[in-house]
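K.L.:
To be precise about what I am sending: the file is called input-v6.txt and holds compact mmCIF, C-alpha atoms.
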```txt
# COMPACT_ATOMS: atom_id res chain seq x y z
CA MET A 17 0.00 0.00 0.00
CA ASN A 18 1.38 3.39 -1.02
CA TYR A 19 1.18 5.42 2.18
CA LEU A 20 1.42 8.78 0.41
CA GLU A 21 -1.52 7.97 -1.86
CA THR A 22 -3.47 6.85 1.19
CA SER A 23 -2.75 10.10 3.02
CA LYS A 24 -3.71 12.12 -0.06
CA GLU A 25 -7.05 10.31 -0.20
CA LEU A 26 -7.51 10.98 3.53
CA LEU A 27 -7.05 14.72 2.97
CA GLU A 28 -9.58 14.68 0.15
CA PHE A 29 -12.04 12.78 2.39
CA ILE A 30 -11.61 15.45 5.07
CA ARG A 31 -11.98 18.27 2.53
CA LYS A 32 -15.37 16.88 1.52
CA SER A 33 -16.46 16.46 5.17
CA ALA A 34 -17.19 20.05 6.14
CA SER A 35 -19.64 19.04 8.89
CA MET A 36 -20.90 15.83 10.46
CA PHE A 37 -23.65 15.83 7.83
CA HIS A 38 -21.09 16.11 5.04
CA THR A 39 -19.02 13.35 6.63
CA ILE A 40 -21.89 10.90 6.42
CA ASP A 41 -22.72 12.03 2.90
CA THR A 42 -19.09 11.36 1.93
CA VAL A 43 -19.15 7.92 3.57
CA LYS A 44 -22.33 7.12 1.63
CA THR A 45 -20.62 7.95 -1.68
CA TYR A 46 -17.99 5.29 -0.91
CA LEU A 47 -20.64 2.72 0.01
CA ASP A 48 -22.87 3.52 -2.95
CA LYS A 49 -19.96 2.87 -5.31
CA GLU A 50 -19.75 -0.62 -3.79
CA ASP A 51 -23.48 -1.23 -4.35
CA PHE A 52 -24.49 -1.14 -0.68
CA ILE A 53 -28.26 -1.07 -0.17
CA GLU A 54 -29.72 1.74 1.95
CA LEU A 55 -32.18 0.75 4.66
CA LYS A 56 -34.31 3.55 6.09
CA GLU A 57 -35.17 3.35 9.79
CA GLY A 58 -38.80 4.27 9.13
CA GLU A 59 -39.35 1.47 6.64
CA SER A 60 -39.44 -2.34 6.81
CA TRP A 61 -36.12 -4.09 6.30
CA THR A 62 -35.47 -7.04 4.02
CA ILE A 63 -32.03 -8.51 4.61
CA GLU A 64 -30.35 -11.32 2.68
CA LYS A 65 -27.20 -13.25 3.46
CA GLY A 66 -24.25 -12.31 1.32
CA LYS A 67 -25.41 -8.72 0.74
CA ASN A 68 -24.29 -5.32 2.04
CA TYR A 69 -26.39 -2.58 3.66
CA TYR A 70 -26.30 0.71 5.53
CA THR A 71 -28.67 2.85 7.56
CA THR A 72 -28.40 6.43 8.83
CA ARG A 73 -29.89 8.49 11.63
CA ASN A 74 -30.22 12.27 11.55
CA ASP A 75 -28.04 12.24 8.41
CA SER A 76 -25.09 12.58 10.79
CA SER A 77 -24.53 8.95 11.93
CA ILE A 78 -24.26 5.80 9.85
CA ILE A 79 -24.01 2.06 10.41
CA ALA A 80 -23.07 -0.18 7.49
CA PHE A 81 -22.83 -3.96 7.53
CA LYS A 82 -21.72 -6.82 5.35
CA VAL A 83 -23.79 -9.95 5.92
CA GLY A 84 -21.88 -13.22 5.58
CA SER A 85 -23.36 -16.04 3.53
CA ASP A 86 -22.72 -18.78 6.14
CA LEU A 87 -24.15 -17.58 9.47
CA SER A 88 -24.85 -20.88 11.20
CA ASP A 89 -22.99 -19.60 14.28
CA TYR A 90 -22.55 -15.91 13.61
CA HIS A 91 -21.37 -12.85 15.51
CA TYR A 92 -20.62 -9.17 14.82
CA GLN A 93 -17.19 -7.62 14.24
CA LEU A 94 -17.47 -3.85 14.58
CA VAL A 95 -15.33 -0.75 14.24
CA ALA A 96 -16.71 2.58 15.51
CA SER A 97 -15.47 6.12 14.93
CA HIS A 98 -17.15 9.55 15.02
CA SER A 99 -18.19 12.09 12.41
CA ASP A 100 -17.94 15.35 14.40
CA SER A 101 -15.03 17.58 15.42
CA PRO A 102 -14.70 20.55 17.79
CA THR A 103 -15.84 23.81 16.23
CA TYR A 104 -18.35 26.67 16.75
CA LYS A 105 -22.05 26.49 15.94
CA VAL A 106 -23.84 29.50 14.50
CA LYS A 107 -26.85 30.55 16.61
CA SER A 108 -30.31 30.78 15.07
CA MET A 109 -30.28 34.60 15.21
CA PRO A 110 -26.68 35.03 14.08
CA GLU A 111 -26.09 38.63 13.03
CA LEU A 112 -24.57 41.09 15.51
CA ASP A 113 -24.20 44.79 14.72
CA GLY A 114 -21.13 46.98 14.90
CA PRO A 115 -19.22 48.87 15.74
CA GLY A 116 -19.63 50.97 12.61
CA ASP A 117 -20.54 48.96 9.53
CA TYR A 118 -19.26 45.69 10.96
CA VAL A 119 -21.57 42.67 11.13
CA LYS A 120 -20.35 39.70 13.17
CA LEU A 121 -21.78 36.23 13.56
CA ASN A 122 -22.98 35.03 16.95
CA VAL A 123 -21.54 31.55 17.62
CA GLU A 124 -21.24 29.13 20.54
CA VAL A 125 -18.66 26.45 21.16
CA TYR A 126 -19.24 22.86 20.00
CA GLY A 127 -17.03 20.38 21.85
CA GLY A 128 -13.64 21.38 23.24
CA PRO A 129 -11.64 23.31 20.62
CA ILE A 130 -8.35 25.08 21.32
CA ASP A 131 -9.79 28.55 20.91
CA TRP A 132 -6.72 30.52 19.87
CA THR A 133 -6.04 28.21 16.90
CA TRP A 134 -9.18 29.56 15.20
CA PHE A 135 -7.95 33.13 15.04
CA ASP A 136 -6.79 34.65 11.73
CA LYS A 137 -7.76 31.59 9.68
CA PRO A 138 -9.86 31.53 6.49
CA LEU A 139 -13.29 30.28 7.55
CA THR A 140 -16.58 29.38 5.95
CA LEU A 141 -19.87 27.71 6.89
CA GLY A 142 -20.97 24.09 6.59
CA GLY A 143 -23.93 22.04 7.78
CA ARG A 144 -27.58 21.59 6.86
CA VAL A 145 -30.48 23.92 6.15
CA LEU A 146 -34.17 22.97 6.37
CA VAL A 147 -36.19 24.58 3.59
CA GLU A 148 -39.81 24.41 2.49
CA GLU A 149 -40.39 22.92 -0.95
CA ASP A 150 -43.72 21.93 -2.50
CA GLY A 151 -45.48 21.87 0.86
CA ALA A 152 -42.79 19.76 2.56
CA ILE A 153 -39.77 20.66 4.69
CA VAL A 154 -36.57 19.14 3.29
CA SER A 155 -32.97 19.08 4.45
CA LYS A 156 -30.21 20.44 2.21
CA LEU A 157 -26.46 20.29 2.70
CA LEU A 158 -24.71 23.64 2.68
CA TYR A 159 -21.01 24.25 2.18
CA ILE A 160 -19.96 27.69 0.98
CA ASP A 161 -16.81 27.00 -1.01
CA LYS A 162 -15.26 30.39 -0.36
CA ASP A 163 -13.40 32.19 2.41
CA ILE A 164 -16.18 34.32 3.91
CA LEU A 165 -15.30 34.74 7.60
CA ILE A 166 -12.35 35.39 9.89
CA ILE A 167 -11.91 35.71 13.66
CA PRO A 168 -9.42 38.59 13.91
CA ASP A 169 -6.95 38.65 16.74
CA VAL A 170 -6.27 41.84 18.72
CA ALA A 171 -3.02 43.60 17.80
CA ILE A 172 -0.28 43.11 20.39
CA HIS A 173 -0.10 46.90 20.79
CA MET A 174 -3.62 46.74 22.25
CA ASN A 175 -3.08 43.58 24.30
CA ARG A 176 0.49 43.65 25.56
CA GLU A 177 -0.10 40.69 27.88
CA VAL A 178 -1.31 38.29 25.20
CA ASN A 179 1.97 36.33 25.20
CA ASN A 180 1.87 36.04 28.98
CA GLY A 181 -1.45 34.20 28.93
CA TYR A 182 -4.87 35.53 28.07
CA LYS A 183 -8.27 34.03 28.84
CA PHE A 184 -10.59 34.37 25.87
CA ASN A 185 -14.20 35.37 26.35
CA ARG A 186 -16.09 33.26 23.81
CA GLN A 187 -19.01 35.70 23.65
CA VAL A 188 -16.62 38.53 22.81
CA ASP A 189 -13.33 37.29 21.35
CA LEU A 190 -14.51 34.33 19.23
CA LEU A 191 -17.08 36.11 17.05
CA PRO A 192 -16.18 35.90 13.34
CA LEU A 193 -16.27 39.00 11.15
CA PHE A 194 -18.86 38.66 8.37
CA THR A 195 -18.78 42.05 6.62
CA SER A 196 -17.54 45.62 6.97
CA GLY A 197 -20.07 47.51 4.90
CA SER A 198 -20.35 45.58 1.62
CA MET A 199 -23.22 43.66 3.18
CA LYS A 200 -25.61 44.59 5.95
CA LYS A 201 -27.58 42.95 8.71
CA GLY A 202 -30.18 40.73 7.10
CA ASP A 203 -27.92 39.60 4.24
CA TYR A 204 -26.88 36.37 6.02
CA ASN A 205 -30.07 34.52 5.07
CA LYS A 206 -29.97 36.06 1.59
CA MET A 207 -26.49 34.59 1.15
CA ILE A 208 -27.63 31.13 2.25
CA ALA A 209 -30.67 31.25 -0.02
CA GLU A 210 -28.47 32.22 -2.96
CA GLU A 211 -26.06 29.37 -2.24
CA LEU A 212 -28.89 26.83 -2.08
CA GLY A 213 -30.80 28.22 -5.06
CA VAL A 214 -33.95 28.86 -3.03
CA LYS A 215 -35.92 31.90 -1.94
CA GLU A 216 -35.10 33.44 1.42
CA GLU A 217 -38.62 32.84 2.72
CA GLN A 218 -38.21 29.09 2.10
CA ILE A 219 -35.52 28.81 4.79
CA ILE A 220 -36.98 27.38 8.02
CA SER A 221 -33.99 26.50 10.23
CA LYS A 222 -30.27 25.72 10.16
CA ASP A 223 -27.53 23.64 11.78
CA LEU A 224 -24.43 25.49 10.57
CA PHE A 225 -20.87 25.40 11.88
CA LEU A 226 -17.62 27.25 11.29
CA VAL A 227 -15.27 25.37 8.95
CA ASN A 228 -11.52 25.98 8.80
CA ARG A 229 -10.58 26.37 5.13
CA GLN A 230 -6.85 25.90 5.71
CA GLU A 231 -5.76 23.26 3.18
CA GLY A 232 -4.59 19.87 4.40
CA LYS A 233 -0.96 19.07 3.57
CA ILE A 234 1.56 16.26 3.48
CA TRP A 235 4.78 17.88 4.58
CA GLY A 236 8.36 17.38 5.75
CA TYR A 237 11.46 16.99 3.58
CA LYS A 238 10.77 13.25 3.50
CA ASP A 239 6.95 13.61 3.38
CA GLU A 240 6.57 12.16 6.86
CA PHE A 241 3.75 14.28 8.29
CA VAL A 242 0.15 15.06 7.44
CA SER A 243 -1.59 18.16 8.79
CA SER A 244 -5.25 19.06 8.39
CA PRO A 245 -8.38 20.14 10.20
CA LYS A 246 -10.46 17.33 11.74
CA LEU A 247 -7.86 14.54 11.91
CA ASP A 248 -9.64 13.74 15.17
CA ASP A 249 -11.59 11.71 14.24
CA LEU A 250 -11.97 11.70 10.47
CA GLU A 251 -8.63 9.90 10.17
CA CYS A 252 -10.20 6.89 11.90
CA ALA A 253 -13.54 7.31 10.12
CA PHE A 254 -11.71 7.17 6.78
CA THR A 255 -9.26 4.35 7.52
CA SER A 256 -11.91 2.10 9.09
CA LEU A 257 -14.19 2.74 6.09
CA LYS A 258 -11.46 1.74 3.64
CA ALA A 259 -10.76 -1.43 5.63
CA PHE A 260 -14.46 -2.25 5.95
CA ILE A 261 -14.95 -2.04 2.18
CA ALA A 262 -11.84 -4.14 1.53
CA GLY A 263 -12.54 -6.86 4.11
CA SER A 264 -15.04 -9.72 4.17
CA ASN A 265 -15.77 -12.98 5.97
CA ASP A 266 -18.67 -15.28 5.13
CA LYS A 267 -19.10 -16.48 8.71
CA VAL A 268 -19.57 -13.10 10.42
CA VAL A 269 -21.41 -9.80 10.06
CA ASN A 270 -18.85 -7.03 9.62
CA VAL A 271 -20.07 -3.64 10.86
CA TYR A 272 -18.85 -0.08 10.27
CA CYS A 273 -20.14 2.64 12.63
CA CYS A 274 -19.61 6.38 12.46
CA PHE A 275 -21.47 8.21 15.23
CA ASP A 276 -22.19 11.90 15.67
CA ASN A 277 -21.81 14.01 18.83
CA GLU A 278 -18.81 12.30 20.43
CA GLU A 279 -17.29 15.71 21.07
CA VAL A 280 -20.28 16.73 23.20
CA GLY A 281 -20.69 13.49 25.13
CA SER A 282 -22.52 11.11 22.74
CA ASN A 283 -25.75 11.35 24.75
CA THR A 284 -28.00 12.21 21.79
CA LYS A 285 -30.44 10.33 19.57
CA GLN A 286 -27.63 9.72 17.06
CA GLY A 287 -24.65 9.44 19.40
CA ALA A 288 -22.81 6.34 20.60
CA MET A 289 -25.02 6.29 23.72
CA SER A 290 -28.20 6.30 21.64
CA THR A 291 -30.19 3.23 20.66
CA LEU A 292 -28.89 3.38 17.09
CA LEU A 293 -26.44 0.47 17.34
CA HIS A 294 -28.79 -1.64 19.47
CA ASP A 295 -31.72 -0.99 17.13
CA THR A 296 -29.69 -1.76 14.02
CA LEU A 297 -28.23 -5.03 15.27
CA LYS A 298 -31.61 -6.20 16.59
CA ARG A 299 -33.33 -5.45 13.29
CA LEU A 300 -30.50 -7.08 11.37
CA ASN A 301 -30.86 -10.25 13.45
CA ALA A 302 -34.63 -10.30 12.94
CA GLY A 303 -34.27 -9.53 9.24
CA LEU A 304 -32.16 -12.65 8.87
CA GLY A 305 -34.96 -14.70 10.38
CA PHE A 306 -33.23 -15.34 13.72
CA GLU A 307 -34.92 -15.31 17.12
CA GLU A 308 -33.97 -12.91 19.92
CA GLU A 309 -31.97 -15.68 21.59
CA GLU A 310 -29.68 -15.74 18.55
CA TYR A 311 -29.12 -12.00 18.90
CA HIS A 312 -27.95 -12.32 22.50
CA LYS A 313 -25.67 -15.23 21.61
CA ALA A 314 -24.19 -13.24 18.73
CA VAL A 315 -23.50 -10.17 20.88
CA ALA A 316 -21.81 -12.30 23.55
CA LYS A 317 -19.36 -13.53 20.90
CA SER A 318 -18.83 -10.17 19.21
CA PHE A 319 -16.00 -7.65 19.28
CA LEU A 320 -15.83 -3.85 18.94
CA VAL A 321 -12.84 -1.76 17.92
CA SER A 322 -13.41 1.81 19.09
CA ALA A 323 -11.23 3.94 16.81
CA ASP A 324 -10.48 7.49 17.96
CA ASN A 325 -7.11 9.19 17.71
CA ALA A 326 -4.45 9.19 20.44
CA HIS A 327 -1.88 11.66 21.74
CA ALA A 328 1.65 11.47 20.39
CA VAL A 329 4.53 12.65 22.54
CA HIS A 330 4.89 16.40 22.06
CA PRO A 331 8.39 17.29 20.82
CA ASN A 332 8.63 20.22 23.26
CA HIS A 333 6.79 18.69 26.23
CA LYS A 334 7.73 15.06 26.82
CA GLU A 335 6.88 15.61 30.51
CA LEU A 336 3.17 15.60 29.64
CA THR A 337 3.16 11.90 28.79
CA ASP A 338 3.86 8.74 30.73
CA ASP A 339 7.50 7.61 30.73
CA GLU A 340 6.78 4.26 29.06
CA ASN A 341 3.15 4.22 27.89
CA ARG A 342 3.60 6.89 25.25
CA THR A 343 3.38 6.94 21.47
CA PHE A 344 5.07 8.41 18.41
CA MET A 345 3.89 9.23 14.90
CA ASN A 346 4.67 6.78 12.08
CA GLN A 347 5.31 3.96 14.54
CA GLY A 348 1.98 2.17 14.32
CA ILE A 349 -1.44 1.86 15.88
CA VAL A 350 -2.05 2.91 19.49
CA ILE A 351 -3.93 0.77 22.01
CA LYS A 352 -5.35 3.10 24.68
CA GLU A 353 -6.06 2.04 28.24
CA ALA A 354 -7.27 3.68 31.44
CA ALA A 355 -7.99 2.17 34.85
CA ASN A 356 -11.19 4.22 35.09
CA GLN A 357 -12.40 2.58 31.83
CA LYS A 358 -12.80 5.88 30.00
CA TYR A 359 -10.95 3.77 27.45
CA THR A 360 -12.66 0.40 27.26
CA SER A 361 -9.55 -1.72 26.64
CA ASP A 362 -8.76 -4.54 29.06
CA ALA A 363 -6.27 -7.41 28.91
CA PHE A 364 -8.70 -9.63 27.00
CA SER A 365 -9.57 -7.10 24.29
CA GLN A 366 -5.96 -5.96 23.97
CA ALA A 367 -4.91 -9.56 23.38
CA VAL A 368 -7.43 -9.88 20.55
CA PHE A 369 -6.29 -6.74 18.78
CA LYS A 370 -2.57 -7.37 19.30
CA LYS A 371 -3.07 -10.78 17.69
CA ILE A 372 -4.77 -9.13 14.71
CA CYS A 373 -1.93 -6.63 14.32
CA ALA A 374 0.69 -9.39 14.59
CA LEU A 375 -1.03 -11.32 11.80
CA ALA A 376 -1.15 -8.13 9.71
CA ASP A 377 2.49 -7.30 10.49
CA VAL A 378 1.51 -3.88 11.83
CA PRO A 379 3.37 -2.32 14.79
CA VAL A 380 1.47 -1.58 18.01
CA GLN A 381 2.07 1.10 20.63
CA HIS A 382 0.50 1.58 24.06
CA PHE A 383 -0.88 4.77 25.57
CA ALA A 384 -1.91 5.51 29.14
CA ASN A 385 -2.25 8.93 30.75
CA ARG A 386 0.16 10.12 33.38
CA SER A 387 -1.26 9.08 36.74
CA ASN A 388 -1.43 12.71 37.90
CA MET A 389 -3.34 13.90 34.84
CA GLN A 390 -6.94 13.40 33.77
CA GLY A 391 -7.28 12.22 30.19
CA GLY A 392 -10.13 12.36 27.74
CA SER A 393 -12.71 9.75 26.85
CA THR A 394 -14.14 8.30 23.67
CA LEU A 395 -17.11 6.32 22.38
CA GLY A 396 -16.22 2.69 23.14
CA ASN A 397 -17.35 2.63 26.76
CA LEU A 398 -20.38 4.79 25.92
CA SER A 399 -21.67 2.52 23.14
CA ASN A 400 -21.29 -0.38 25.57
CA THR A 401 -24.09 1.09 27.67
CA GLN A 402 -26.46 0.06 24.87
CA VAL A 403 -24.73 -3.01 23.40
CA SER A 404 -22.33 -4.63 25.85
CA LEU A 405 -19.51 -6.56 24.21
CA HIS A 406 -15.76 -7.04 24.33
CA ALA A 407 -14.12 -3.83 23.09
CA VAL A 408 -10.72 -2.24 22.64
CA ASP A 409 -9.91 1.47 22.22
CA ILE A 410 -7.35 2.30 19.56
CA GLY A 411 -6.25 5.30 17.54
CA LEU A 412 -3.48 6.86 15.51
CA PRO A 413 -0.96 9.15 17.25
CA GLN A 414 -1.30 12.86 16.57
CA LEU A 415 -0.20 16.25 17.84
CA ALA A 416 -2.37 19.24 18.78
CA MET A 417 -5.60 17.32 19.30
CA HIS A 418 -8.62 19.67 19.11
CA SER A 419 -6.61 22.37 17.38
CA SER A 420 -8.20 23.78 14.24
CA TYR A 421 -5.19 22.27 12.39
CA GLU A 422 -3.79 18.98 13.68
CA THR A 423 -0.72 16.91 12.78
CA ALA A 424 -0.18 13.15 12.43
CA GLY A 425 2.19 10.70 10.75
CA ALA A 426 1.79 10.18 6.99
CA LYS A 427 2.52 6.44 7.28
CA ASP A 428 0.00 5.65 10.00
CA PRO A 429 -3.24 5.70 7.95
CA ALA A 430 -1.87 2.85 5.82
CA TYR A 431 -1.00 0.92 9.00
CA MET A 432 -4.56 1.32 10.26
CA ILE A 433 -6.14 0.20 6.99
CA LYS A 434 -3.88 -2.85 6.86
CA ALA A 435 -4.66 -3.92 10.44
CA LEU A 436 -8.42 -3.32 10.24
CA THR A 437 -8.65 -5.09 6.88
CA LYS A 438 -7.04 -8.13 8.53
CA TYR A 439 -9.59 -7.80 11.34
CA TYR A 440 -12.53 -7.69 8.93
CA ASN A 441 -11.09 -10.62 6.95
CA SER A 442 -10.70 -12.73 10.09
CA ASN A 443 -13.15 -14.79 12.11
CA VAL A 444 -12.54 -13.72 15.72
CA LYS A 445 -14.03 -16.55 17.78
CA ILE A 446 -14.57 -15.61 21.42
CA GLU A 447 -15.52 -17.96 24.21
CA GLY A 448 -16.64 -15.97 27.24
CA ALA A 449 -13.57 -14.16 28.53
CA SER A 450 -11.25 -17.13 28.58
CA LYS A 451 -10.42 -18.11 25.00
CA ILE A 452 -9.88 -16.40 21.65
CA THR A 453 -9.21 -17.95 18.27
CA VAL A 454 -8.48 -15.85 15.18
CA GLU A 455 -9.09 -17.74 11.93
```
Let's see the structure in the file written out as structure tokens.

P.N.:
Amino acid sequence: MNYLETSKELLEFIRKSASMFHTIDTVKTYLDKEDFIELKEGESWTIEKGKNYYTTRNDSSIIAFKVGSDLSDYHYQLVASHSDSPTYKVKSMPELDGPGDYVKLNVEVYGGPIDWTWFDKPLTLGGRVLVEEDGAIVSKLLYIDKDILIIPDVAIHMNREVNNGYKFNRQVDLLPLFTSGSMKKGDYNKMIAEELGVKEEQIISKDLFLVNRQEGKIWGYKDEFVSSPKLDDLECAFTSLKAFIAGSNDKVVNVYCCFDNEEVGSNTKQGAMSTLLHDTLKRLNAGLGFEEEEYHKAVAKSFLVSADNAHAVHPNHKELTDDENRTFMNQGIVIKEAANQKYTSDAFSQAVFKKICALADVPVQHFANRSNMQGGSTLGNLSNTQVSLHAVDIGLPQLAMHSSYETAGAKDPAYMIKALTKYYNSNVKIEGASKITVE
């Protein structure tokens, strides 16, 4: 696998994924090219062995599955990532006057971004708009492919202490500049209507977010790094999708999940804590003609890989990571663990995934937080509140997580695709918590 071509495709995937809604639309284009069949939640499902399907919720989460042709003793093999990234959401009444001819946009934080990294960057808007058409309200994707906003920093002459530490007020400092006289208050909706090719009065409501337009790059004299917005977690969403499409096993049901709202806790109708995964697997089981007992047996023998990026050692701050359980870019996949189970990995699930990586000849690294620091969390343990199964948390090492422009290793996406393809090609046979066989 050519790692540079893989990283170039990753950057193009991210470019097309301006919001969580665009991410799922981009995933669907990959699946549609492979003749996956869409199943709508509000309709009856007909499922056949040997065929491939997907379903969405809220147009911002998706679950796809490949149904094996020999399911006499089946189980699920899942990988889950998330479609959202930290940013700022535009409020329903967005336009703020002045001073002078200025019009700013009123935004609020989504997730946990590093605020200062959003200053002085070319920005635009992305998301969905609900419009009225022919007596119905329909959802339309919006991405304005132009630099239309900027959050200007304050000159150092007016804030002499900025380099000594400055606490930003998000209601004051983080408001993007929209116009300085060429447009006026009220032109925001006119702009959106023009972009969508509808009349202004057709617009009902909007879920729109700031999008960093800074171009993703492969860089370094030896092309060893990749930098882009949204590497957390679109790098895992992309690599797990590529592996899912490439892999197959007639004796299992392979599942690809990409959930929304991880950055705000996953506790939504389309998040990892929602009923989406439970509902989908139950309906899949019933659609195959199996009884509920078969569903419970299948889940007990199933395995989840929760894929969300990990922290690489910072070149200027090695003291922020554990002395031994730390990771580096371009040195392979990271298995993440935490005693508090914010990462769902345990010895059993780690053994399964390390075996997969050994078979794929992919290097593995281990990450644990320093014992005097509180780390983050991800979606593996949260999805387990709805569908409880053996699970491991993994990711690819990166720098500047939650910055508007993050950095990772250019070789690592290829490592992830190789390992997860081996996983999807394998039959991971689990007996309780005492025995594992990978065929």

K.L.:
Could the centre and edge lengths of an axis-aligned box, enclosing all atoms of segment 70-84 of chain A in the file with 3 Å extra on each side, be given in Å to one decimal as lines of an AutoDock Vina configuration file?

P.N.:
```
center_x = -26.0
center_y = -0.3
center_z = 8.6
size_x = 14.5
size_y = 31.8
size_z = 12.6
```

K.L.:
Point out the residue among A:Tyr272, A:Trp132, A:Phe319, A:Phe344 with the least atom-to-atom distance to Thr296 of chain A, counting only C-alpha atoms.

P.N.:
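Among A:Tyr272, A:Trp132, A:Phe319, A:Phe344, it is A:Tyr272 that comes nearest to Thr296 of chain A.
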
K.L.:
Would you mind reading off the distance between atom CA of Leu193 of chain A and atom CA of Ile164 of chain A, one decimal, in Å?

P.N.:
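These two atoms are separated by 8.6 Å.
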
K.L.:
Identify the residues within 10 Å of coordinate (-19.8, -18.4, 13.5) (same frame as the file), considering only C-alpha atoms, and give the answer as a PyMOL selection string.

P.N.:
chain A and resi 84+86-92+266-269+314+317+443-446

K.L.:
With C-alpha atoms retained, could you export that selection as a compact mmCIF listing (two decimals), keeping the file's coordinate frame?

P.N.:
```txt
# COMPACT_ATOMS: atom_id res chain seq x y z
CA GLY A 84 -21.88 -13.22 5.58
CA ASP A 86 -22.72 -18.78 6.14
CA LEU A 87 -24.15 -17.58 9.47
CA SER A 88 -24.85 -20.88 11.20
CA ASP A 89 -22.99 -19.60 14.28
CA TYR A 90 -22.55 -15.91 13.61
CA HIS A 91 -21.37 -12.85 15.51
CA TYR A 92 -20.62 -9.17 14.82
CA ASP A 266 -18.67 -15.28 5.13
CA LYS A 267 -19.10 -16.48 8.71
CA VAL A 268 -19.57 -13.10 10.42
CA VAL A 269 -21.41 -9.80 10.06
CA ALA A 314 -24.19 -13.24 18.73
CA LYS A 317 -19.36 -13.53 20.90
CA ASN A 443 -13.15 -14.79 12.11
CA VAL A 444 -12.54 -13.72 15.72
CA LYS A 445 -14.03 -16.55 17.78
CA ILE A 446 -14.57 -15.61 21.42
```

K.L.:
Rounded to one decimal place, report the atom CA of Pro245 of chain A-atom CA of Gln286 of chain A distance in Å.

P.N.:
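Computed distance, atom CA of Pro245 of chain A to atom CA of Gln286 of chain A, equals 22.9 Å.
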
K.L.:
Record the distance separating atom CA of Gly236 of chain A and atom CA of Pro138 of chain A, expressed in Å with one decimal.

P.N.:
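These two atoms are separated by 23.1 Å.
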
K.L.:
Would you pick out the contacts of Ser420 of chain A at 12 Å or less, using only C-alpha atoms, so that residues sharing its chain but fewer than 6 positions from it are not included, and give the list as a count of residues only?

P.N.:
29

K.L.:
Ranking A:Asp203, A:Glu64, A:Asp377, A:Asp189 by minimum distance to Lys438 of chain A and counting all atoms listed in the file, which one comes first?

P.N.:
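For Lys438 of chain A, the nearest of the given residues is A:Asp377.
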
K.L.:
Using all atoms listed in the file, which residue out of A:Met199, A:Val125, A:Ala416, A:Ala367 lies closest to Pro331 of chain A?

P.N.:
A:Ala416

K.L.:
Between A:Ile53, A:Asn346, A:Val321, A:Leu436, which residue has the minimum interatomic distance to Glu240 of chain A, considering all atoms listed in the file?

P.N.:
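Using all atoms listed in the file, Glu240 of chain A sits closest to A:Asn346.
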
K.L.:
For His327 of chain A, which residue among A:Lys427, A:Arg386, A:His294, A:Lys285 is the nearest when counting only C-alpha atoms?

P.N.:
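With only C-alpha atoms as the atom set, the closest residue is A:Arg386.
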
K.L.:
Pull the neighbourhood of (-4.2, 6.0, 4.1) for me: all residues within 10 Å in file coordinates, counting all atoms listed in the file, as number ranges by chain.

P.N.:
A: 17-27, 251-252, 254-256, 258, 426-434

K.L.:
Excluding segment 67-70 of chain A and any residue of its chain fewer than 2 positions from it, enumerate the residues within 8 Å of it, using only C-alpha atoms, and give them as a tab-separated table (two decimals) with C-alpha atoms, in the coordinates of the input.

P.N.:
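Result written to around-v6.tsv:
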```
chain	number	residue	atom	x	y	z
A	51	ASP	CA	-23.48	-1.23	-4.35
A	52	PHE	CA	-24.49	-1.14	-0.68
A	53	ILE	CA	-28.26	-1.07	-0.17
A	54	GLU	CA	-29.72	1.74	1.95
A	55	LEU	CA	-32.18	0.75	4.66
A	63	ILE	CA	-32.03	-8.51	4.61
A	64	GLU	CA	-30.35	-11.32	2.68
A	65	LYS	CA	-27.20	-13.25	3.46
A	72	THR	CA	-28.40	6.43	8.83
A	78	ILE	CA	-24.26	5.80	9.85
A	79	ILE	CA	-24.01	2.06	10.41
A	80	ALA	CA	-23.07	-0.18	7.49
A	81	PHE	CA	-22.83	-3.96	7.53
A	82	LYS	CA	-21.72	-6.82	5.35
A	83	VAL	CA	-23.79	-9.95	5.92
A	84	GLY	CA	-21.88	-13.22	5.58
```

K.L.:
Can you work out which one of A:Ala407, A:Ile219, A:Val378, A:Val188 has the shortest atom-to-atom distance to Ile349 of chain A, counting only C-alpha atoms?

P.N.:
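Going through A:Ala407, A:Ile219, A:Val378, A:Val188 one by one, the smallest distance to Ile349 of chain A is for A:Val378.
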
K.L.:
Can you list, as a list in words, every protein, DNA or RNA residue that comes within 8 Å of Glu148 of chain A when you count all atoms listed in the file, leaving out same-chain residues fewer than 3 positions away?

P.N.:
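Using all atoms listed in the file, the neighbours found are Gly151, Ala152, Ile153, Val154, Gln218, Ile219 and Ile220 of chain A.
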